[in-house]
Structure formats: C-alpha cells, structure tokens
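Participant: I have a structure I would like to understand better, so I am pasting it below and will then ask my questions one at a time.
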Amino acid sequence: MIGVESMLKLLKIIFQIGILYILYWAGEWVAETLNLSLPGSIIGMVLLIFLLFTRTVRLEWIGEGAGFMVKYLPFFFIPSTLGIMQYYEIFAGNGFLLIVIVLVSTMLVMGVSGLIGELYHRRGEGR
C-alpha cells in the first residue's frame with residue numbers, strides 16, 4: 001500500500017512536470033503563432049530560464065519534477081533509437097559524417113554549457 005507521503009510526493013512531481021509541460025506548450029504556441037523556424041521546445045526552455053532568472057518561477061516549484069525527468073531521460077531516447085534502426089538505409093552511407101556531426105555538436109554543447117556555468121558561478125561569487 002502506498003503511504004500518504006509517497007502519494008503526496010508523486011502528486012508534487014506530476015504537478016511540477018505539468019508546469020514544465022505548460023512552458024513547453026507555450027513555446028510551441030509562440031513558434032507556431034509567429035511562424036518561427038526555431039522549435040517550440042527551445043522557446044519553452046528559454047521561457048523557463050527567463051522565468052527562473054526573474055524568480056517568477058522558483059526552482060523549488062519544478063526541481064523534483066525536472067529531476068524525475070532527467071533520471072529517466074534514457075527512456076525518452078528509445079523511440080528515436082528504434083526509428084534510426086528502422087530507417088538504417090538512410091544513414092548507412094553517412095556513418096563517418098554522422099560520427100563527426102555528433103562529436104562536434106557534443107563538444108559545442110559542452111563548451112557553451114561550461115562557459116555559461118562559469119559565468120553564472122562568477123556572478124554568484126560577486127554578490
């Protein structure tokens with residue numbers, strides 16, 4: 001039997017994931033309404049960062065829900081991996097190019113993330 005505390009924690013996580021989903025949906029709506037080529041998920045993420053920086057949304061309001069989603073992130077890649085396996089012939093001749101693209105994009109993401117983290121850390125020390 002599930003305890004009351006476990007049930008409350010589950011409801012809290014569901015509510016927090018709901019907040020994240022609303023921000024995702026808002027980003028999709030903005031992208032579609034303004035006919036932007038930028039994906040709505042990216043716009044939603046920028047909106048989330050803006051709301052966190054302005055403290056309109058506090059980290060405590062979404063932290064456990066985001067942590068839950070990150071914990072189970074590998075499960076979200078299973079459908080895309082199966083899709084790649086299904087359309088193997090499309091990727092077959094471009095294996096080396098795909099490896100280069102993955103490596104370069106990974107390094108760029110790591111570099112930019114590191115720079116942003118370092119700037120944010122320095123900003124926090126200056127307070």
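Note on naming: chains are A, B, ... as they come in the structure tokens, residues start from 1 per chain, ligands start from 1 in the order shown.
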Write out as a short mmCIF file (atom, residue, chain, number, x, y, z; two decimals) with C-alpha atoms, in the first residue's frame all residues of range 18-50 of chain A that DSSP puts in alpha helix (DSSP H) for this structure's backbone.
Facilitator:
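Output below, filename part.cif:
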data_model
loop_
_atom_site.label_atom_id
_atom_site.label_comp_id
_atom_site.auth_asym_id
_atom_site.auth_seq_id
_atom_site.Cartn_x
_atom_site.Cartn_y
_atom_site.Cartn_z
CA GLY A 18 2.73 19.76 -15.60
CA ILE A 19 4.33 23.19 -15.13
CA LEU A 20 7.19 22.17 -17.42
CA TYR A 21 4.71 20.85 -19.98
CA ILE A 22 2.78 24.14 -19.92
CA LEU A 23 6.01 26.01 -20.66
CA TYR A 24 6.76 23.58 -23.50
CA TRP A 25 3.26 24.08 -24.88
CA ALA A 26 3.64 27.88 -24.61
CA GLY A 27 6.87 27.66 -26.60
CA GLU A 28 5.16 25.55 -29.27
CA TRP A 29 2.32 28.07 -29.43
CA VAL A 30 4.73 31.01 -29.80
CA ALA A 31 6.69 29.21 -32.54
CA GLU A 32 3.51 28.38 -34.46
CA THR A 33 1.85 31.77 -33.97
CA GLY A 40 8.86 25.41 -29.74
CA SER A 41 10.67 23.26 -27.20
CA ILE A 42 13.68 25.60 -27.38
CA ILE A 43 11.43 28.64 -26.98
CA GLY A 44 9.80 26.97 -23.98
CA MET A 45 13.21 26.29 -22.46
CA VAL A 46 14.27 29.92 -22.97
CA LEU A 47 10.98 30.97 -21.37
CA LEU A 48 11.72 28.70 -18.40
CA ILE A 49 15.22 30.15 -18.00
CA PHE A 50 13.81 33.67 -18.17
#
Participant: Could you tell me how far CA of Ile99 in chain A lies from CA of Leu73 in chain A, in Å and to one decimal?
Facilitator: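 CA of Leu73 in chain A lies at a distance of 21.7 Å from CA of Ile99 in chain A.
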Participant: Pick out the residues sitting within 12 Å of Glu60 in chain A, and hand them over as a PDB file with N, CA and C atoms, in the first residue's frame; count only C-alpha atoms, and ignore anything fewer than 5 positions along from it in its own chain.
Facilitator:
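part06.pdb, written as the output of this step:
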ATOM      1  N   LYS A  12       3.146  15.864  -6.255  1.00  0.00           N
ATOM      2  CA  LYS A  12       4.016  17.030  -6.407  1.00  0.00           C
ATOM      3  C   LYS A  12       4.825  16.922  -7.693  1.00  0.00           C
ATOM      4  N   ILE A  13       5.376  15.738  -7.957  1.00  0.00           N
ATOM      5  CA  ILE A  13       6.166  15.529  -9.172  1.00  0.00           C
ATOM      6  C   ILE A  13       5.287  15.683 -10.409  1.00  0.00           C
ATOM      7  N   GLN A  16       4.654  19.357 -10.945  1.00  0.00           N
ATOM      8  CA  GLN A  16       5.835  20.051 -11.444  1.00  0.00           C
ATOM      9  C   GLN A  16       6.095  19.720 -12.912  1.00  0.00           C
ATOM     10  N   ILE A  19       3.830  21.821 -14.926  1.00  0.00           N
ATOM     11  CA  ILE A  19       4.330  23.187 -15.128  1.00  0.00           C
ATOM     12  C   ILE A  19       5.313  23.208 -16.292  1.00  0.00           C
ATOM     13  N   LEU A  52      12.977  31.619 -14.435  1.00  0.00           N
ATOM     14  CA  LEU A  52      13.830  31.277 -13.291  1.00  0.00           C
ATOM     15  C   LEU A  52      14.732  32.447 -12.909  1.00  0.00           C
ATOM     16  N   ARG A  55      12.890  35.071 -11.207  1.00  0.00           N
ATOM     17  CA  ARG A  55      12.301  34.486  -9.998  1.00  0.00           C
ATOM     18  C   ARG A  55      10.775  34.521 -10.001  1.00  0.00           C
ATOM     19  N   GLY A  65      10.273  17.572 -10.215  1.00  0.00           N
ATOM     20  CA  GLY A  65       9.722  17.100 -11.483  1.00  0.00           C
ATOM     21  C   GLY A  65      10.786  17.030 -12.563  1.00  0.00           C
ATOM     22  N   ALA A  66      11.643  18.066 -12.623  1.00  0.00           N
ATOM     23  CA  ALA A  66      12.733  18.059 -13.598  1.00  0.00           C
ATOM     24  C   ALA A  66      13.731  16.957 -13.270  1.00  0.00           C
ATOM     25  N   GLY A  67      14.023  16.775 -11.986  1.00  0.00           N
ATOM     26  CA  GLY A  67      14.938  15.706 -11.576  1.00  0.00           C
ATOM     27  C   GLY A  67      14.410  14.333 -11.947  1.00  0.00           C
TER      28      GLY A  67
END
